[in-house]
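Enquirer: What follows is protein.cif; its format and atoms are mmCIF, C-alpha atoms.
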data_target
#
loop_
_atom_site.label_atom_id
_atom_site.label_comp_id
_atom_site.auth_asym_id
_atom_site.auth_seq_id
_atom_site.Cartn_x
_atom_site.Cartn_y
_atom_site.Cartn_z
CA SER R 1 126.38 129.57 85.25
CA ALA R 2 125.61 125.89 85.70
CA ALA R 3 129.32 125.10 85.27
CA LEU R 4 130.29 127.46 88.10
CA LEU R 5 127.65 126.01 90.38
CA ASP R 6 128.82 122.49 89.53
CA ARG R 7 132.38 123.34 90.54
CA ALA R 8 131.22 125.02 93.74
CA LEU R 9 129.23 121.95 94.69
CA THR R 10 132.28 119.73 94.39
CA GLU R 11 134.59 121.89 96.52
CA PRO R 12 133.10 122.04 100.04
CA GLY R 13 136.26 123.32 101.71
CA LEU R 14 136.18 126.65 99.94
CA ILE R 15 132.52 127.45 99.67
CA HIS R 16 131.99 127.76 103.44
CA SER R 17 134.73 130.34 103.97
CA ALA R 18 133.78 132.21 100.82
CA TYR R 19 130.15 132.69 101.77
CA PHE R 20 131.13 133.89 105.21
CA ALA R 21 133.65 136.32 103.84
CA PHE R 22 131.77 137.69 100.84
CA HIS R 23 128.95 139.16 102.92
CA GLY R 24 127.09 141.91 101.12
CA TYR R 25 127.43 140.61 97.54
CA SER R 26 124.87 138.63 95.58
CA LEU R 27 125.22 134.86 95.61
CA GLY R 28 126.02 134.86 91.90
CA ASN R 29 128.89 137.32 92.43
CA GLN R 30 130.14 135.34 95.41
CA ILE R 31 130.38 132.19 93.31
CA LEU R 32 132.00 134.15 90.45
CA ALA R 33 134.62 135.61 92.81
CA LEU R 34 135.25 132.24 94.44
CA ILE R 35 136.00 130.55 91.11
CA GLN R 36 138.36 133.35 90.08
CA CYS R 37 140.20 133.05 93.39
CA GLN R 38 140.65 129.32 92.91
CA ASP R 39 141.75 129.63 89.28
CA ARG R 40 144.39 132.20 90.24
CA GLY R 41 145.49 130.58 93.48
CA ILE R 42 144.20 133.45 95.63
CA GLU R 43 142.87 132.82 99.12
CA PRO R 44 139.13 133.74 99.21
CA GLY R 45 138.20 136.56 101.55
CA PRO R 46 136.23 139.79 101.97
CA ILE R 47 135.84 141.84 98.80
CA ALA R 48 136.13 145.61 98.40
CA CYS R 49 137.10 148.07 95.70
CA PHE R 50 140.50 149.80 95.65
CA ASN R 51 139.31 152.95 97.42
CA ARG R 52 137.30 151.06 100.03
CA TRP R 53 140.40 149.09 101.07
CA LYS R 54 142.19 152.42 101.48
CA GLU R 55 139.37 153.60 103.73
CA LEU R 56 139.83 150.45 105.80
CA GLY R 57 143.52 151.18 106.26
CA ARG R 58 144.79 148.67 103.72
CA HIS R 59 146.26 148.98 100.24
CA VAL R 60 146.16 146.68 97.21
CA VAL R 61 149.51 144.97 96.64
CA LYS R 62 151.23 146.22 93.50
CA GLY R 63 150.67 143.97 90.48
CA GLN R 64 147.47 142.35 91.77
CA LYS R 65 144.78 141.77 89.12
CA ALA R 66 141.25 142.89 90.06
CA ILE R 67 138.34 140.46 90.49
CA GLU R 68 135.55 140.74 87.89
CA LEU R 69 131.97 141.00 89.16
CA CYS R 70 128.61 141.87 87.64
CA MET R 71 127.35 145.28 88.72
CA PRO R 72 124.17 147.28 88.10
CA VAL R 73 124.53 150.60 86.31
CA THR R 74 121.80 153.21 86.22
CA SER R 75 121.64 155.14 82.96
CA LYS R 76 119.45 157.86 81.47
CA ARG R 77 118.02 158.11 77.99
CA THR R 78 116.41 161.10 76.31
CA ILE R 79 113.24 160.48 74.32
CA GLU R 80 112.02 163.13 71.91
CA SER R 81 108.37 163.23 70.87
CA THR R 82 105.52 165.66 70.17
CA ASP R 83 102.53 166.52 72.30
CA ASP R 84 98.89 166.66 71.17
CA ALA R 85 99.40 170.19 69.88
CA GLY R 86 102.32 169.15 67.74
CA ASN R 87 104.96 170.79 69.95
CA PRO R 88 108.26 168.93 70.41
CA THR R 89 108.82 167.49 73.89
CA THR R 90 111.78 165.86 75.57
CA ASP R 91 111.53 163.22 78.30
CA THR R 92 114.31 161.61 80.26
CA VAL R 93 113.87 157.99 81.34
CA THR R 94 116.04 156.07 83.77
CA PHE R 95 116.88 152.40 83.27
CA ARG R 96 119.22 149.83 84.78
CA ARG R 97 121.59 147.49 83.02
CA PHE R 98 124.18 145.01 84.27
CA ILE R 99 127.81 145.02 83.19
CA PHE R 100 130.97 143.13 84.17
CA ARG R 101 133.83 145.19 85.61
CA ARG R 102 137.20 144.38 87.16
CA ASN R 103 136.99 146.73 90.15
CA TRP R 104 137.35 144.50 93.21
CA PHE R 105 140.08 142.85 95.25
CA VAL R 106 139.92 140.22 97.99
CA LEU R 107 141.60 140.60 101.36
CA SER R 108 144.57 138.39 100.44
CA GLN R 109 145.43 140.82 97.63
CA THR R 110 145.91 143.66 100.12
CA ASP R 111 148.38 144.60 102.83
CA GLY R 112 147.94 146.60 106.01
CA GLN R 113 146.45 146.33 109.46
CA PRO R 114 144.69 143.08 110.45
CA TYR R 115 141.12 143.05 109.20
CA THR R 116 138.14 141.76 111.16
CA PRO R 117 135.20 140.81 108.89
CA PRO R 118 131.74 142.09 109.85
CA ALA R 119 129.40 139.70 111.63
CA LEU R 120 126.73 138.04 109.53
CA PRO R 121 123.22 139.44 109.91
CA ASP R 122 120.66 137.37 111.77
CA TRP R 123 118.18 135.20 109.90
CA ASN R 124 114.75 134.83 111.47
CA LYS R 125 112.46 131.94 110.54
CA ALA R 126 109.21 133.68 111.45
CA ARG R 127 110.19 136.74 109.43
CA ALA R 128 111.07 134.59 106.42
CA LEU R 129 107.83 132.61 106.54
CA GLU R 130 105.80 135.83 106.67
CA ALA R 131 107.77 137.50 103.86
CA LEU R 132 107.38 134.47 101.60
CA ASN R 133 103.73 133.90 102.57
CA LEU R 134 104.42 130.40 103.91
CA THR R 135 103.33 128.54 107.03
CA GLU R 136 104.96 125.85 109.14
CA ILE R 137 102.79 122.84 109.93
CA PRO R 138 103.26 119.87 112.30
CA PHE R 139 105.41 117.02 111.05
CA THR R 140 103.08 114.04 110.56
CA HIS R 141 105.17 111.69 108.41
CA LEU R 142 105.44 108.19 109.89
CA ASP R 143 108.88 107.46 108.45
CA GLY R 144 111.49 108.60 110.97
CA ASN R 145 114.10 108.77 108.20
CA VAL R 146 112.20 111.61 106.51
CA GLN R 147 113.71 114.91 107.60
CA GLY R 148 110.92 117.21 106.40
CA PHE R 149 108.37 117.86 103.68
CA ALA R 150 106.70 120.67 101.75
CA ARG R 151 103.06 120.74 100.73
CA GLY R 152 101.38 123.61 98.90
CA ARG R 153 102.61 126.74 100.67
CA ALA R 154 103.44 124.93 103.91
CA VAL R 155 106.58 123.25 105.23
CA ALA R 156 107.26 120.81 108.05
CA VAL R 157 110.51 119.75 109.71
CA SER R 158 110.91 116.54 111.69
CA PRO R 159 111.44 117.14 115.43
CA VAL R 160 114.33 114.67 115.20
CA ALA R 161 115.88 116.07 112.01
CA ALA R 162 119.68 115.83 112.04
CA GLN R 163 120.06 119.36 110.64
CA PRO R 164 116.77 121.19 111.26
CA GLU R 165 117.90 124.56 109.89
CA LYS R 166 119.20 123.14 106.62
CA THR R 167 116.14 120.91 106.32
CA LEU R 168 113.95 124.00 106.66
CA PHE R 169 115.89 125.75 103.89
CA HIS R 170 115.48 122.66 101.69
CA GLU R 171 111.71 122.59 102.16
CA LEU R 172 111.39 126.36 101.71
CA ALA R 173 113.30 125.98 98.45
CA HIS R 174 110.83 123.41 97.13
CA VAL R 175 108.01 125.95 97.58
CA VAL R 176 109.92 129.01 96.32
CA LEU R 177 111.08 127.05 93.27
CA GLY R 178 107.46 126.12 92.48
CA HIS R 179 107.88 122.37 92.98
CA THR R 180 104.89 122.02 95.29
CA ALA R 181 102.66 123.80 92.76
CA GLU R 182 103.22 120.94 90.31
CA ALA R 183 101.11 118.44 92.27
CA GLU R 184 98.20 118.63 89.82
CA LEU R 185 100.35 118.24 86.71
CA THR R 186 100.80 115.00 84.80
CA ASP R 187 104.06 113.13 85.32
CA ASP R 188 105.58 114.27 82.04
CA GLU R 189 104.85 117.94 82.84
CA ARG R 190 106.45 117.92 86.27
CA THR R 191 110.05 118.73 87.03
CA PRO R 192 111.78 115.34 87.48
CA ARG R 193 112.38 114.45 91.10
CA THR R 194 116.11 114.24 90.52
CA ILE R 195 116.19 117.88 89.39
CA ARG R 196 113.85 118.99 92.21
CA GLU R 197 116.07 117.43 94.85
CA VAL R 198 119.30 118.77 93.37
CA GLN R 199 117.83 122.27 93.16
CA ALA R 200 116.33 122.28 96.67
CA GLU R 201 119.47 120.93 98.33
CA ALA R 202 121.71 123.28 96.34
CA VAL R 203 119.60 126.18 97.61
CA ALA R 204 119.81 124.82 101.18
CA MET R 205 123.58 124.49 100.85
CA LEU R 206 124.02 128.06 99.62
CA VAL R 207 121.80 129.52 102.33
CA ALA R 208 123.46 127.47 105.09
CA ALA R 209 126.91 128.44 103.82
CA ALA R 210 125.96 132.13 103.68
CA LEU R 211 124.89 131.91 107.35
CA SER R 212 128.08 130.00 108.23
CA LEU R 213 126.18 126.93 109.43
CA PRO R 214 128.00 123.58 109.75
CA GLY R 215 127.32 120.41 107.78
CA ILE R 216 127.80 121.71 104.23
CA GLU R 217 129.56 118.48 103.31
CA TYR R 218 126.30 116.57 103.81
CA SER R 219 124.58 118.82 101.29
CA ILE R 220 127.36 118.09 98.83
CA GLY R 221 126.85 114.35 99.27
CA TYR R 222 123.08 114.67 98.88
CA VAL R 223 123.38 116.72 95.71
CA GLN R 224 125.93 114.37 94.18
CA HIS R 225 123.67 111.40 95.00
CA TRP R 226 120.77 112.86 93.02
CA LYS R 227 123.03 114.12 90.23
CA ALA R 228 124.28 110.57 89.74
CA GLN R 229 120.68 109.53 89.13
CA GLY R 230 120.17 112.06 86.37
CA GLY R 231 119.83 115.34 88.23
CA GLU R 232 122.13 117.40 86.02
CA ILE R 233 121.41 121.11 86.20
CA THR R 234 121.12 123.44 83.22
CA GLU R 235 121.83 127.16 83.03
CA LYS R 236 118.15 127.83 83.74
CA HIS R 237 118.17 125.52 86.78
CA ALA R 238 121.27 127.28 88.11
CA GLN R 239 119.67 130.70 87.76
CA GLN R 240 116.61 129.45 89.64
CA ILE R 241 118.85 128.10 92.42
CA PHE R 242 120.65 131.42 92.87
CA LYS R 243 117.43 133.42 92.86
CA ALA R 244 115.67 131.14 95.36
CA ALA R 245 118.66 131.09 97.74
CA ASP R 246 118.97 134.86 97.63
CA ALA R 247 115.24 135.31 98.24
CA ILE R 248 115.21 132.96 101.27
CA LEU R 249 118.25 134.69 102.76
CA ARG R 250 116.82 138.16 102.33
CA ALA R 251 113.36 137.18 103.52
CA GLY R 252 114.74 136.14 106.92
CA ARG R 253 116.84 139.20 107.48
CA GLN R 254 115.83 142.43 109.15
CA GLU R 255 114.59 144.24 106.07
CA THR R 256 112.75 142.22 103.41
CA THR R 257 113.86 143.38 99.97
CA THR R 258 112.27 143.21 96.56
CA ASP R 259 114.19 140.01 95.87
CA ALA R 260 112.09 138.12 98.43
CA GLN R 261 108.94 139.74 97.06
CA ASP R 262 109.99 138.84 93.52
CA ALA R 263 110.37 135.19 94.52
CA LEU R 264 106.96 135.28 96.18
CA ASP R 265 105.41 136.84 93.06
CA ASP R 266 107.11 134.26 90.83
CA SER R 267 105.82 131.44 93.03
CA ARG R 268 102.27 132.85 92.93
CA GLU R 269 102.44 133.12 89.14
CA ARG R 270 103.47 129.49 88.90
CA ASP R 271 100.58 128.57 91.19
CA ALA R 272 98.17 130.45 88.93
CA ASP R 273 99.57 128.79 85.82
CA ARG R 274 98.84 125.36 87.32
#
Let me see the structure of the file written as C-alpha coordinates.
Expert:
Amino acid sequence: SAALLDRALTEPGLIHSAYFAFHGYSLGNQILALIQCQDRGIEPGPIACFNRWKELGRHVVKGQKAIELCMPVTSKRTIESTDDAGNPTTDTVTFRRFIFRRNWFVLSQTDGQPYTPPALPDWNKARALEALNLTEIPFTHLDGNVQGFARGRAVAVSPVAAQPEKTLFHELAHVVLGHTAEAELTDDERTPRTIREVQAEAVAMLVAAALSLPGIEYSIGYVQHWKAQGGEITEKHAQQIFKAADAILRAGRQETTTDAQDALDDSRERDADR
(Lines of atoms letter the chains of each structure in order from A and count residues from 1; the text may use other names and numbers.)
(Lines give C-alpha, C1' and ligand atoms only; values in the text may rest on other atoms or scores of the structure.)
Protein backbone atom coordinates (compact mmCIF):
# COMPACT_ATOMS: atom_id res chain seq x y z
CA SER A 1 0.00 0.00 0.00
CA ALA A 2 0.97 3.66 -0.17
CA ALA A 3 1.40 3.70 3.62
CA LEU A 4 3.88 0.81 3.49
CA LEU A 5 5.84 2.46 0.70
CA ASP A 6 5.89 5.73 2.65
CA ARG A 7 7.39 4.00 5.68
CA ALA A 8 9.95 2.17 3.55
CA LEU A 9 11.04 5.43 1.98
CA THR A 10 11.74 6.98 5.36
CA GLU A 11 13.84 4.09 6.72
CA PRO A 12 16.93 3.78 4.47
CA GLY A 13 18.91 1.62 6.90
CA LEU A 14 16.58 -1.33 6.62
CA ILE A 15 15.47 -1.28 3.03
CA HIS A 16 18.95 -2.00 1.62
CA SER A 17 19.52 -5.15 3.67
CA ALA A 18 15.95 -6.32 3.13
CA TYR A 19 16.09 -6.13 -0.65
CA PHE A 20 19.37 -7.99 -0.70
CA ALA A 21 18.10 -10.68 1.59
CA PHE A 22 14.59 -11.18 0.21
CA HIS A 23 15.79 -12.30 -3.22
CA GLY A 24 13.19 -14.31 -5.09
CA TYR A 25 10.04 -12.62 -3.73
CA SER A 26 8.03 -9.88 -5.39
CA LEU A 27 8.81 -6.32 -4.38
CA GLY A 28 5.38 -5.97 -2.78
CA ASN A 29 5.99 -9.03 -0.60
CA GLN A 30 9.47 -7.80 0.29
CA ILE A 31 8.06 -4.52 1.56
CA LEU A 32 5.26 -6.36 3.40
CA ALA A 33 7.77 -8.66 5.12
CA LEU A 34 10.08 -5.76 5.95
CA ILE A 35 7.32 -3.83 7.73
CA GLN A 36 6.27 -6.89 9.72
CA CYS A 37 9.87 -7.46 10.79
CA GLN A 38 10.17 -3.89 12.00
CA ASP A 39 6.83 -3.91 13.80
CA ARG A 40 7.79 -7.09 15.66
CA GLY A 41 11.42 -6.22 16.28
CA ILE A 42 12.72 -9.01 14.05
CA GLU A 43 15.95 -8.62 12.10
CA PRO A 44 15.15 -8.71 8.34
CA GLY A 45 16.72 -11.57 6.42
CA PRO A 46 16.15 -14.33 3.86
CA ILE A 47 12.64 -15.78 3.83
CA ALA A 48 11.63 -19.43 3.52
CA CYS A 49 8.76 -21.64 4.61
CA PHE A 50 9.05 -24.03 7.56
CA ASN A 51 9.95 -27.07 5.46
CA ARG A 52 12.43 -25.18 3.29
CA TRP A 53 14.39 -24.08 6.38
CA LYS A 54 14.52 -27.75 7.41
CA GLU A 55 15.93 -28.60 3.99
CA LEU A 56 18.59 -25.94 4.53
CA GLY A 57 19.60 -27.50 7.83
CA ARG A 58 17.86 -24.99 10.07
CA HIS A 59 14.73 -25.11 12.20
CA VAL A 60 12.21 -22.45 13.19
CA VAL A 61 12.61 -21.43 16.84
CA LYS A 62 9.68 -22.57 18.97
CA GLY A 63 7.08 -19.85 19.51
CA GLN A 64 8.00 -17.77 16.45
CA LYS A 65 5.04 -16.27 14.57
CA ALA A 66 5.07 -16.73 10.78
CA ILE A 67 5.36 -13.82 8.33
CA GLU A 68 2.27 -13.13 6.19
CA LEU A 69 2.76 -12.79 2.43
CA CYS A 70 0.49 -12.70 -0.61
CA MET A 71 0.67 -15.88 -2.66
CA PRO A 72 -0.90 -17.05 -5.93
CA VAL A 73 -3.16 -20.08 -5.78
CA THR A 74 -4.25 -22.00 -8.84
CA SER A 75 -7.77 -23.38 -8.62
CA LYS A 76 -10.13 -25.33 -10.86
CA ARG A 77 -13.80 -24.78 -11.50
CA THR A 78 -16.28 -27.10 -13.20
CA ILE A 79 -18.69 -25.53 -15.68
CA GLU A 80 -21.73 -27.50 -16.78
CA SER A 81 -23.45 -26.67 -20.06
CA THR A 82 -25.11 -28.31 -23.07
CA ASP A 83 -23.79 -28.80 -26.57
CA ASP A 84 -25.61 -28.00 -29.82
CA ALA A 85 -27.39 -31.34 -29.68
CA GLY A 86 -28.71 -30.66 -26.22
CA ASN A 87 -26.37 -33.12 -24.48
CA PRO A 88 -24.95 -32.09 -21.09
CA THR A 89 -21.23 -31.31 -21.07
CA THR A 90 -18.75 -30.60 -18.32
CA ASP A 91 -15.68 -28.38 -18.71
CA THR A 92 -12.96 -27.69 -16.19
CA VAL A 93 -11.34 -24.25 -16.21
CA THR A 94 -8.24 -23.19 -14.32
CA PHE A 95 -7.89 -19.76 -12.75
CA ARG A 96 -5.52 -17.98 -10.39
CA ARG A 97 -6.33 -15.98 -7.30
CA PHE A 98 -4.18 -14.31 -4.65
CA ILE A 99 -4.52 -14.95 -0.94
CA PHE A 100 -2.64 -13.94 2.21
CA ARG A 101 -1.07 -16.74 4.26
CA ARG A 102 1.22 -16.89 7.28
CA ASN A 103 3.63 -19.55 5.99
CA TRP A 104 7.06 -17.90 6.05
CA PHE A 105 9.85 -17.17 8.50
CA VAL A 106 12.94 -14.97 8.20
CA LEU A 107 16.45 -16.18 8.99
CA SER A 108 16.53 -14.54 12.44
CA GLN A 109 13.54 -16.68 13.46
CA THR A 110 15.52 -19.88 12.84
CA ASP A 111 18.43 -21.70 14.44
CA GLY A 112 21.05 -23.99 12.94
CA GLN A 113 24.14 -23.89 10.79
CA PRO A 114 25.35 -20.51 9.47
CA TYR A 115 23.46 -19.54 6.33
CA THR A 116 25.02 -17.93 3.27
CA PRO A 117 22.44 -16.06 1.13
CA PRO A 118 22.47 -16.70 -2.63
CA ALA A 119 24.18 -14.14 -4.84
CA LEU A 120 21.94 -11.66 -6.62
CA PRO A 121 21.38 -12.33 -10.32
CA ASP A 122 23.06 -10.03 -12.83
CA TRP A 123 21.18 -7.14 -14.39
CA ASN A 124 22.10 -6.27 -17.96
CA LYS A 125 21.29 -2.86 -19.42
CA ALA A 126 21.23 -3.97 -23.06
CA ARG A 127 18.92 -6.86 -22.22
CA ALA A 128 16.57 -4.55 -20.31
CA LEU A 129 16.42 -1.96 -23.09
CA GLU A 130 15.57 -4.65 -25.63
CA ALA A 131 12.94 -6.29 -23.42
CA LEU A 132 11.24 -2.96 -22.74
CA ASN A 133 11.58 -1.77 -26.35
CA LEU A 134 13.64 1.28 -25.36
CA THR A 135 16.78 2.87 -26.78
CA GLU A 136 19.62 4.83 -25.21
CA ILE A 137 20.51 8.09 -26.93
CA PRO A 138 23.42 10.53 -26.47
CA PHE A 139 23.16 13.01 -23.62
CA THR A 140 22.78 16.45 -25.21
CA HIS A 141 21.54 18.58 -22.30
CA LEU A 142 23.65 21.69 -21.74
CA ASP A 143 23.06 21.86 -18.00
CA GLY A 144 25.77 19.86 -16.26
CA ASN A 145 23.58 19.52 -13.17
CA VAL A 146 21.06 17.42 -15.13
CA GLN A 147 21.80 13.75 -14.52
CA GLY A 148 19.69 12.29 -17.33
CA PHE A 149 16.46 12.59 -19.28
CA ALA A 150 13.77 10.50 -20.95
CA ARG A 151 12.07 11.36 -24.22
CA GLY A 152 9.46 9.19 -25.93
CA ARG A 153 10.84 5.66 -25.71
CA ALA A 154 14.45 6.78 -25.32
CA VAL A 155 16.63 7.55 -22.31
CA ALA A 156 19.93 9.36 -21.85
CA VAL A 157 22.35 9.46 -18.92
CA SER A 158 24.92 12.20 -18.41
CA PRO A 159 28.52 10.98 -18.85
CA VAL A 160 29.30 12.79 -15.58
CA ALA A 161 26.26 11.54 -13.63
CA ALA A 162 27.06 10.96 -9.96
CA GLN A 163 25.14 7.66 -9.91
CA PRO A 164 24.77 6.52 -13.53
CA GLU A 165 23.06 3.20 -12.75
CA LYS A 166 20.41 4.75 -10.52
CA THR A 167 19.94 7.60 -12.98
CA LEU A 168 19.29 5.05 -15.71
CA PHE A 169 16.66 3.32 -13.54
CA HIS A 170 15.03 6.70 -12.88
CA GLU A 171 14.77 7.52 -16.59
CA LEU A 172 13.59 4.00 -17.47
CA ALA A 173 10.88 4.42 -14.84
CA HIS A 174 9.61 7.62 -16.46
CA VAL A 175 9.04 5.70 -19.71
CA VAL A 176 7.63 2.51 -18.15
CA LEU A 177 5.26 4.58 -16.00
CA GLY A 178 3.98 6.37 -19.12
CA HIS A 179 5.23 9.84 -18.16
CA THR A 180 6.95 10.49 -21.49
CA ALA A 181 3.76 9.60 -23.37
CA GLU A 182 2.01 12.59 -21.77
CA ALA A 183 3.96 15.18 -23.78
CA GLU A 184 1.00 15.97 -26.05
CA LEU A 185 -1.51 16.32 -23.23
CA THR A 186 -2.67 19.62 -21.79
CA ASP A 187 -1.21 20.66 -18.44
CA ASP A 188 -4.29 19.69 -16.46
CA GLU A 189 -4.33 16.18 -17.99
CA ARG A 190 -0.71 15.38 -17.22
CA THR A 191 0.57 13.73 -14.10
CA PRO A 192 1.95 16.57 -11.93
CA ARG A 193 5.72 16.79 -12.01
CA THR A 194 5.91 16.28 -8.27
CA ILE A 195 4.18 12.90 -8.60
CA ARG A 196 6.24 11.93 -11.66
CA GLU A 197 9.50 12.60 -9.85
CA VAL A 198 8.45 10.81 -6.67
CA GLN A 199 7.33 7.78 -8.66
CA ALA A 200 10.42 7.60 -10.88
CA GLU A 201 12.87 8.00 -8.00
CA ALA A 202 10.95 5.53 -5.83
CA VAL A 203 11.24 2.99 -8.66
CA ALA A 204 14.97 3.76 -9.01
CA MET A 205 15.43 3.33 -5.27
CA LEU A 206 13.68 -0.05 -5.21
CA VAL A 207 15.61 -1.37 -8.21
CA ALA A 208 18.96 -0.13 -6.87
CA ALA A 209 18.22 -1.63 -3.45
CA ALA A 210 17.23 -4.96 -4.99
CA LEU A 211 20.60 -5.04 -6.80
CA SER A 212 22.42 -4.00 -3.60
CA LEU A 213 23.77 -0.80 -5.14
CA PRO A 214 25.03 2.01 -2.87
CA GLY A 215 23.58 5.50 -2.51
CA ILE A 216 20.02 4.64 -1.49
CA GLU A 217 20.05 7.51 0.99
CA TYR A 218 20.26 9.98 -1.90
CA SER A 219 17.09 8.53 -3.39
CA ILE A 220 15.38 8.99 -0.05
CA GLY A 221 16.39 12.65 0.04
CA TYR A 222 15.24 13.20 -3.54
CA VAL A 223 11.86 11.60 -2.91
CA GLN A 224 11.30 13.54 0.29
CA HIS A 225 12.20 16.78 -1.52
CA TRP A 226 9.47 16.27 -4.12
CA LYS A 227 6.98 14.95 -1.55
CA ALA A 228 7.40 18.19 0.39
CA GLN A 229 6.31 20.05 -2.73
CA GLY A 230 3.08 18.10 -3.06
CA GLY A 231 4.21 14.75 -4.39
CA GLU A 232 2.15 12.57 -2.05
CA ILE A 233 1.51 9.11 -3.46
CA THR A 234 -1.84 7.34 -3.48
CA GLU A 235 -2.57 3.61 -3.43
CA LYS A 236 -2.71 3.66 -7.23
CA HIS A 237 0.64 5.46 -7.48
CA ALA A 238 2.20 2.91 -5.12
CA GLN A 239 0.93 -0.01 -7.19
CA GLN A 240 2.39 1.59 -10.32
CA ILE A 241 5.75 2.03 -8.56
CA PHE A 242 5.92 -1.63 -7.52
CA LYS A 243 4.93 -2.87 -10.97
CA ALA A 244 7.42 -0.64 -12.80
CA ALA A 245 10.30 -1.56 -10.47
CA ASP A 246 9.56 -5.27 -10.82
CA ALA A 247 9.35 -4.98 -14.61
CA ILE A 248 12.69 -3.13 -14.89
CA LEU A 249 14.40 -5.67 -12.63
CA ARG A 250 13.07 -8.65 -14.52
CA ALA A 251 13.74 -7.13 -17.94
CA GLY A 252 17.47 -6.90 -17.19
CA ARG A 253 17.86 -10.38 -15.85
CA GLN A 254 18.69 -13.53 -17.77
CA GLU A 255 15.15 -14.58 -18.60
CA THR A 256 12.60 -11.86 -19.40
CA THR A 257 9.28 -12.74 -17.77
CA THR A 258 5.72 -11.76 -18.50
CA ASP A 259 6.00 -8.97 -15.93
CA ALA A 260 8.42 -7.06 -18.17
CA GLN A 261 6.20 -7.75 -21.18
CA ASP A 262 3.15 -6.62 -19.21
CA ALA A 263 4.85 -3.31 -18.42
CA LEU A 264 5.78 -2.90 -22.08
CA ASP A 265 2.19 -3.64 -23.14
CA ASP A 266 0.84 -1.19 -20.55
CA SER A 267 3.23 1.50 -21.78
CA ARG A 268 2.19 0.91 -25.40
CA GLU A 269 -1.48 1.15 -24.43
CA ARG A 270 -0.85 4.46 -22.75
CA ASP A 271 0.97 5.65 -25.86
CA ALA A 272 -2.01 4.67 -28.00
CA ASP A 273 -4.44 6.41 -25.67
CA ARG A 274 -2.51 9.67 -26.09
Enquirer: Can you tell me which residues surround R:Lys125 at a distance of at most 8 Å, considering all atoms listed in the file, apart from same-chain residues fewer than 3 positions away, and format the answer as a PyMOL selection string?
Expert: chain R and resi 128-129+252
Enquirer: Starting from the PyMOL selection byres ((chain R and resi 109) around 7), expand the selection into actual residues of this file and give them as a PyMOL selection string.
Expert: chain R and resi 60-61+64+105-108+110
Enquirer: Taking only C-alpha atoms into account, name the residue in R:Thr135, R:Ile195, R:Glu182, R:Asp122 that is nearest to R:His237.
Expert: R:Ile195
Enquirer: Please identify all polymer residues within 8 Å of R:Thr180, counting only C-alpha atoms, omitting same-chain residues fewer than 6 positions from it, and present them as a list in words.
Expert: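 Neighbouring residues, sequence-local ones excluded: Ala150, Arg151, Gly152, Arg153 and His174 of chain R.
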Enquirer: Restrict the selected residues to C-alpha atoms and save them as a tab-separated table (two decimals), in the coordinates of the input.
Expert:
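Dumped everything to out24.tsv:
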chain	number	residue	atom	x	y	z
R	150	ALA	CA	106.70	120.67	101.75
R	151	ARG	CA	103.06	120.74	100.73
R	152	GLY	CA	101.38	123.61	98.90
R	153	ARG	CA	102.61	126.74	100.67
R	174	HIS	CA	110.83	123.41	97.13
Enquirer: Given the choices R:Ile248, R:Ala154, R:Ile67, R:Ala126, which gets closest to R:Phe169 if the distance is worked out from only C-alpha atoms?
Expert: R:Ile248
Enquirer: Pick from R:Gln147, R:Ser158, R:Gln38, R:Ser75: nearest to R:Arg97, with all atoms listed in the file counted?
Expert: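 The answer is R:Ser75, which sits nearest to R:Arg97.
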Enquirer: I would like the residues chosen by the PyMOL selection byres ((chain R and resi 48) around 6) on the shown file; could you give them as a ChimeraX atom specification?
Expert: /R:47,49,52,104-105
Enquirer: Taking all atoms listed in the file into account, which of R:Glu217, R:Lys76, R:Phe242, R:Gln113 comes nearest R:Arg96?
Expert: R:Lys76
Enquirer: Distance atom CA of R:Tyr218-atom CA of R:Met205, one decimal place?
Expert: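 Atom CA of R:Met205 lies at a distance of 8.9 Å from atom CA of R:Tyr218.
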Enquirer: R:Leu56, R:Ile42, R:Leu32, R:Val207: which is nearest R:Asp111, counting only C-alpha atoms?
Expert: R:Leu56
Enquirer: Quick one: distance from atom CA of R:His179 to atom CA of R:Glu197 in Å, one decimal?
Expert: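 So the two atoms, atom CA of R:His179 and atom CA of R:Glu197, lie 9.7 Å apart.
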Enquirer: With the PyMOL selection byres ((chain R and resi 193) around 10) as the selection, what would be picked from this file? Answer as number ranges by chain, please.
Expert: R: 179, 190-192, 194-199, 226, 229-231
Enquirer: Give me the residues within 10 Å of R:Arg40 as an mmCIF file with C-alpha atoms, in the frame of the given file, counting only C-alpha atoms and dropping any in the same chain fewer than 4 places off.
Expert:
data_model
loop_
_atom_site.group_PDB
_atom_site.id
_atom_site.type_symbol
_atom_site.label_atom_id
_atom_site.label_comp_id
_atom_site.auth_asym_id
_atom_site.auth_seq_id
_atom_site.Cartn_x
_atom_site.Cartn_y
_atom_site.Cartn_z
ATOM 1 C CA ILE R 35 136.000 130.550 91.110
ATOM 2 C CA GLN R 36 138.360 133.350 90.080
ATOM 3 C CA LYS R 65 144.780 141.770 89.120
#
Enquirer: Any idea what the distance is between atom CA of R:Ala210 and atom CA of R:His141?
Expert: 29.5 Å
Enquirer: My list of candidates is R:Val160, R:Lys227, R:Val155, R:Gly112. Which is closest to R:His59 when distances are computed with all atoms listed in the file?
Expert: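 Using all atoms listed in the file, the shortest distance to R:His59 belongs to R:Gly112.
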